[in-house]
Amino acid sequence: MNALRRWWLRRRHGGGEWGALFGPAPAGEWVSLDLETTGLDTRRDAILSLAAVPVRGGRVVLAERFETLVHPGRAFDIDSIRHHRLTPADVADAPQLREVLPGFLRWLGPRTLLGHHLAFDAAMLDGPMRVVMGFPLPNRRAELGQAWLDHRRLADPHAHVDLSLDAIAHQLGVPVIARHTALGDATTVALCWLALQARAG
């Protein structure tokens with residue numbers, strides 16, 4: 001989200017219940033976010049699980065993570081189940097997203113979001129947030145793939161760069177943890193971010 005859009009949202013919503021979301025982001029802290037969804041259509045598909053892990057002081061702070069299953073409010077097919085290994089029975093008793101969002105946003109605060117293909121995750125949250133909260137996700141964002149591409153292109157402007165999470169993790173010597181689970185992917189992204197910062201620094 002660009003600075004002008006954030007300014008406008010802060011003017012409109014910054015004095016209300018959710019004003020803290022529009023404050024300055026803490027320096028040197030990120031929250032690695034990942035979702036598992038019923039598919040890749042941001043208008044029609046739904047969230048099945050959400051995990052977010054703080055990155056602070058050169059550490060991934062798993063003890064402070066936010067993690068929940070989410071009832072999608074719709075059916076999903078076998079291709080979805082094969083990808084993230086979540087079945088309808090797993091999410092049958094989970095809260096719906098509108099119940100999850102207020103607690104998640106209070107936990108998140110104004111911290112900068114970090115992710116891999118973060119634009120997709122943000123788009124999956126933005127629609128429901130506009131309905132429930134009246135505004136889209138306002139947090140600043142850091143994209144692992146873009147940071148990795150910038151890093152590699154500094155060394156070789158013509159290099160072919162594989163931007164898959166598995167490839168980035170392999171190049172950085174980071175273990176891939178519980179792939180295609182929200183917590184596993186959020187943790188892997190956080191570890192890659194720290195490894196990339198150490199390498200760039």
# chains A, B, ... in the order shown; residues from 1 in each chain; ligands from 1
$ closest_atom_pairs --of "range 54-144 of chain A" --to "range 16-28 of chain A" --cutoff "6 Å" --atoms "only C-alpha atoms" --output "CSV"
residue,atom,partner,partner_atom,distance
A:Gly109,CA,A:Leu21,CA,4.8
A:Pro110,CA,A:Leu21,CA,4.4
A:Arg111,CA,A:Ala25,CA,4.8
$ select_by_dssp --residues "range 65-196 of chain A" --states "alpha helix (DSSP H)" --output "number ranges by chain"
A: 78-84, 88-91, 97-108, 118-132, 144-155, 165-172, 182-196
$ residues_around --residues "range 176-182 of chain A" --least-positions-apart "3" --cutoff "9 Å" --atoms "only C-alpha atoms" --output "list in words"
Leu33, Asp34, Leu35, Glu36, Ser49, Leu50, Ala51, Ala52, Glu67, His83, His84, Arg85, Leu86, Leu165, Asp166, Ala169, His170, Asp185, Ala186, Thr187, Thr188 and Val189 of chain A
$ write_last_selection --atoms "N, CA, C and O atoms" --output "PDB file, in the first residue's frame"
ATOM      1  N   LEU A  33       3.580 -13.346   7.517  1.00  0.00           N
ATOM      2  CA  LEU A  33       2.191 -13.773   7.389  1.00  0.00           C
ATOM      3  C   LEU A  33       2.052 -14.807   6.285  1.00  0.00           C
ATOM      4  O   LEU A  33       2.648 -14.665   5.214  1.00  0.00           O
ATOM      5  N   ASP A  34       1.250 -15.834   6.539  1.00  0.00           N
ATOM      6  CA  ASP A  34       0.911 -16.773   5.478  1.00  0.00           C
ATOM      7  C   ASP A  34      -0.513 -17.267   5.677  1.00  0.00           C
ATOM      8  O   ASP A  34      -0.971 -17.442   6.819  1.00  0.00           O
ATOM      9  N   LEU A  35      -1.197 -17.499   4.557  1.00  0.00           N
ATOM     10  CA  LEU A  35      -2.539 -18.053   4.555  1.00  0.00           C
ATOM     11  C   LEU A  35      -2.559 -19.340   3.749  1.00  0.00           C
ATOM     12  O   LEU A  35      -1.810 -19.487   2.777  1.00  0.00           O
ATOM     13  N   GLU A  36      -3.427 -20.254   4.129  1.00  0.00           N
ATOM     14  CA  GLU A  36      -3.818 -21.353   3.255  1.00  0.00           C
ATOM     15  C   GLU A  36      -5.261 -21.097   2.860  1.00  0.00           C
ATOM     16  O   GLU A  36      -6.080 -20.703   3.702  1.00  0.00           O
ATOM     17  N   SER A  49      -6.697 -21.187   6.801  1.00  0.00           N
ATOM     18  CA  SER A  49      -5.830 -21.044   7.974  1.00  0.00           C
ATOM     19  C   SER A  49      -4.982 -19.793   7.823  1.00  0.00           C
ATOM     20  O   SER A  49      -4.690 -19.350   6.706  1.00  0.00           O
ATOM     21  N   LEU A  50      -4.622 -19.231   8.965  1.00  0.00           N
ATOM     22  CA  LEU A  50      -3.835 -17.999   9.016  1.00  0.00           C
ATOM     23  C   LEU A  50      -2.782 -18.171  10.095  1.00  0.00           C
ATOM     24  O   LEU A  50      -3.086 -18.625  11.198  1.00  0.00           O
ATOM     25  N   ALA A  51      -1.547 -17.844   9.759  1.00  0.00           N
ATOM     26  CA  ALA A  51      -0.476 -17.842  10.752  1.00  0.00           C
ATOM     27  C   ALA A  51       0.400 -16.625  10.544  1.00  0.00           C
ATOM     28  O   ALA A  51       0.638 -16.198   9.409  1.00  0.00           O
ATOM     29  N   ALA A  52       0.865 -16.059  11.630  1.00  0.00           N
ATOM     30  CA  ALA A  52       1.732 -14.879  11.586  1.00  0.00           C
ATOM     31  C   ALA A  52       2.763 -15.001  12.694  1.00  0.00           C
ATOM     32  O   ALA A  52       2.426 -15.354  13.829  1.00  0.00           O
ATOM     33  N   GLU A  67      -1.965 -17.931  15.314  1.00  0.00           N
ATOM     34  CA  GLU A  67      -2.259 -19.064  14.433  1.00  0.00           C
ATOM     35  C   GLU A  67      -3.690 -19.517  14.658  1.00  0.00           C
ATOM     36  O   GLU A  67      -4.118 -19.693  15.797  1.00  0.00           O
ATOM     37  N   HIS A  83      -3.250 -29.857  -1.707  1.00  0.00           N
ATOM     38  CA  HIS A  83      -2.232 -28.811  -1.588  1.00  0.00           C
ATOM     39  C   HIS A  83      -1.874 -28.525  -0.131  1.00  0.00           C
ATOM     40  O   HIS A  83      -0.696 -28.521   0.236  1.00  0.00           O
ATOM     41  N   HIS A  84      -2.863 -28.274   0.716  1.00  0.00           N
ATOM     42  CA  HIS A  84      -2.580 -27.854   2.091  1.00  0.00           C
ATOM     43  C   HIS A  84      -2.942 -28.899   3.145  1.00  0.00           C
ATOM     44  O   HIS A  84      -2.717 -28.674   4.333  1.00  0.00           O
ATOM     45  N   ARG A  85      -3.519 -30.016   2.701  1.00  0.00           N
ATOM     46  CA  ARG A  85      -3.827 -31.147   3.597  1.00  0.00           C
ATOM     47  C   ARG A  85      -4.823 -30.761   4.710  1.00  0.00           C
ATOM     48  O   ARG A  85      -4.813 -31.355   5.776  1.00  0.00           O
ATOM     49  N   LEU A  86      -5.663 -29.792   4.439  1.00  0.00           N
ATOM     50  CA  LEU A  86      -6.753 -29.448   5.347  1.00  0.00           C
ATOM     51  C   LEU A  86      -8.053 -29.958   4.741  1.00  0.00           C
ATOM     52  O   LEU A  86      -8.340 -29.704   3.569  1.00  0.00           O
ATOM     53  N   LEU A 165       9.608 -20.148  -3.140  1.00  0.00           N
ATOM     54  CA  LEU A 165      10.079 -20.170  -1.750  1.00  0.00           C
ATOM     55  C   LEU A 165      11.097 -21.272  -1.538  1.00  0.00           C
ATOM     56  O   LEU A 165      12.091 -21.081  -0.832  1.00  0.00           O
ATOM     57  N   ASP A 166      10.872 -22.427  -2.145  1.00  0.00           N
ATOM     58  CA  ASP A 166      11.824 -23.532  -1.984  1.00  0.00           C
ATOM     59  C   ASP A 166      13.200 -23.145  -2.520  1.00  0.00           C
ATOM     60  O   ASP A 166      14.220 -23.449  -1.886  1.00  0.00           O
ATOM     61  N   ALA A 169      14.878 -20.479  -0.220  1.00  0.00           N
ATOM     62  CA  ALA A 169      15.356 -21.119   1.006  1.00  0.00           C
ATOM     63  C   ALA A 169      16.621 -21.934   0.742  1.00  0.00           C
ATOM     64  O   ALA A 169      17.581 -21.886   1.526  1.00  0.00           O
ATOM     65  N   HIS A 170      16.630 -22.677  -0.369  1.00  0.00           N
ATOM     66  CA  HIS A 170      17.809 -23.485  -0.706  1.00  0.00           C
ATOM     67  C   HIS A 170      19.033 -22.600  -0.910  1.00  0.00           C
ATOM     68  O   HIS A 170      20.121 -22.900  -0.391  1.00  0.00           O
ATOM     69  N   ASP A 185       5.089 -22.167   6.379  1.00  0.00           N
ATOM     70  CA  ASP A 185       5.539 -21.219   5.356  1.00  0.00           C
ATOM     71  C   ASP A 185       5.875 -19.856   5.956  1.00  0.00           C
ATOM     72  O   ASP A 185       6.855 -19.219   5.558  1.00  0.00           O
ATOM     73  N   ALA A 186       5.086 -19.407   6.939  1.00  0.00           N
ATOM     74  CA  ALA A 186       5.393 -18.129   7.592  1.00  0.00           C
ATOM     75  C   ALA A 186       6.747 -18.190   8.289  1.00  0.00           C
ATOM     76  O   ALA A 186       7.529 -17.233   8.254  1.00  0.00           O
ATOM     77  N   THR A 187       7.039 -19.327   8.910  1.00  0.00           N
ATOM     78  CA  THR A 187       8.322 -19.489   9.609  1.00  0.00           C
ATOM     79  C   THR A 187       9.475 -19.558   8.621  1.00  0.00           C
ATOM     80  O   THR A 187      10.535 -18.944   8.833  1.00  0.00           O
ATOM     81  N   THR A 188       9.294 -20.292   7.527  1.00  0.00           N
ATOM     82  CA  THR A 188      10.340 -20.383   6.510  1.00  0.00           C
ATOM     83  C   THR A 188      10.642 -19.017   5.912  1.00  0.00           C
ATOM     84  O   THR A 188      11.810 -18.645   5.728  1.00  0.00           O
ATOM     85  N   VAL A 189       9.610 -18.244   5.615  1.00  0.00           N
ATOM     86  CA  VAL A 189       9.809 -16.889   5.082  1.00  0.00           C
ATOM     87  C   VAL A 189      10.571 -16.028   6.085  1.00  0.00           C
ATOM     88  O   VAL A 189      11.494 -15.295   5.722  1.00  0.00           O
TER      89      VAL A 189
END
$ atom_distance --atom1 "CA of Ser164 in chain A" --atom2 "CA of Ser80 in chain A"
19.2 Å
$ residues_around --residues "range 113-125 of chain A" --least-positions-apart "4" --cutoff "9 Å" --atoms "only C-alpha atoms" --output "ChimeraX atom specification"
/A:30-37,40-43,45-47,52,97,101,108,129-130,136-137,139-146,164-165,185-186,189-190,193
$ write_last_selection --atoms "C-alpha atoms" --output "CSV table (one decimal), in the first residue's frame"
chain,number,residue,atom,x,y,z
A,30,TRP,CA,8.3,-7.6,10.9
A,31,VAL,CA,5.4,-10.0,11.1
A,32,SER,CA,5.7,-12.9,8.6
A,33,LEU,CA,2.2,-13.8,7.4
A,34,ASP,CA,0.9,-16.8,5.5
A,35,LEU,CA,-2.5,-18.1,4.6
A,36,GLU,CA,-3.8,-21.4,3.3
A,37,THR,CA,-6.9,-20.9,1.0
A,40,LEU,CA,-6.2,-18.7,-5.9
A,41,ASP,CA,-9.2,-16.6,-6.9
A,42,THR,CA,-9.1,-13.6,-4.4
A,43,ARG,CA,-12.8,-12.8,-5.1
A,45,ASP,CA,-12.0,-18.4,-2.7
A,46,ALA,CA,-11.7,-18.3,1.1
A,47,ILE,CA,-9.1,-18.6,3.8
A,52,ALA,CA,1.7,-14.9,11.6
A,97,LEU,CA,-12.9,-14.9,9.3
A,101,LEU,CA,-10.1,-10.4,12.2
A,108,LEU,CA,-0.7,-7.2,14.7
A,129,MET,CA,-11.7,-6.5,6.1
A,130,ARG,CA,-13.6,-3.8,4.1
A,136,PRO,CA,-8.4,-2.7,3.9
A,137,LEU,CA,-5.3,-4.0,5.6
A,139,ASN,CA,0.1,-2.2,7.3
A,140,ARG,CA,3.4,-1.5,5.4
A,141,ARG,CA,4.6,-4.6,3.6
A,142,ALA,CA,7.9,-6.3,2.8
A,143,GLU,CA,8.1,-8.9,0.0
A,144,LEU,CA,10.7,-11.6,0.3
A,145,GLY,CA,10.7,-12.4,-3.4
A,146,GLN,CA,11.4,-8.8,-4.4
A,164,SER,CA,9.9,-19.9,-5.5
A,165,LEU,CA,10.1,-20.2,-1.8
A,185,ASP,CA,5.5,-21.2,5.4
A,186,ALA,CA,5.4,-18.1,7.6
A,189,VAL,CA,9.8,-16.9,5.1
A,190,ALA,CA,10.9,-15.3,8.4
A,193,TRP,CA,14.4,-12.9,5.6
$ closest_residue --among "A:Leu163, A:Ala63, A:His151, A:Arg56" --to "Gly201 in chain A" --atoms "only C-alpha atoms"
A:His151
$ residues_around --residues "Thr87 in chain A" --least-positions-apart "6" --cutoff "12 Å" --atoms "only C-alpha atoms" --output "number ranges by chain"
A: 36-38, 48-49, 69-72, 75-81, 93-94
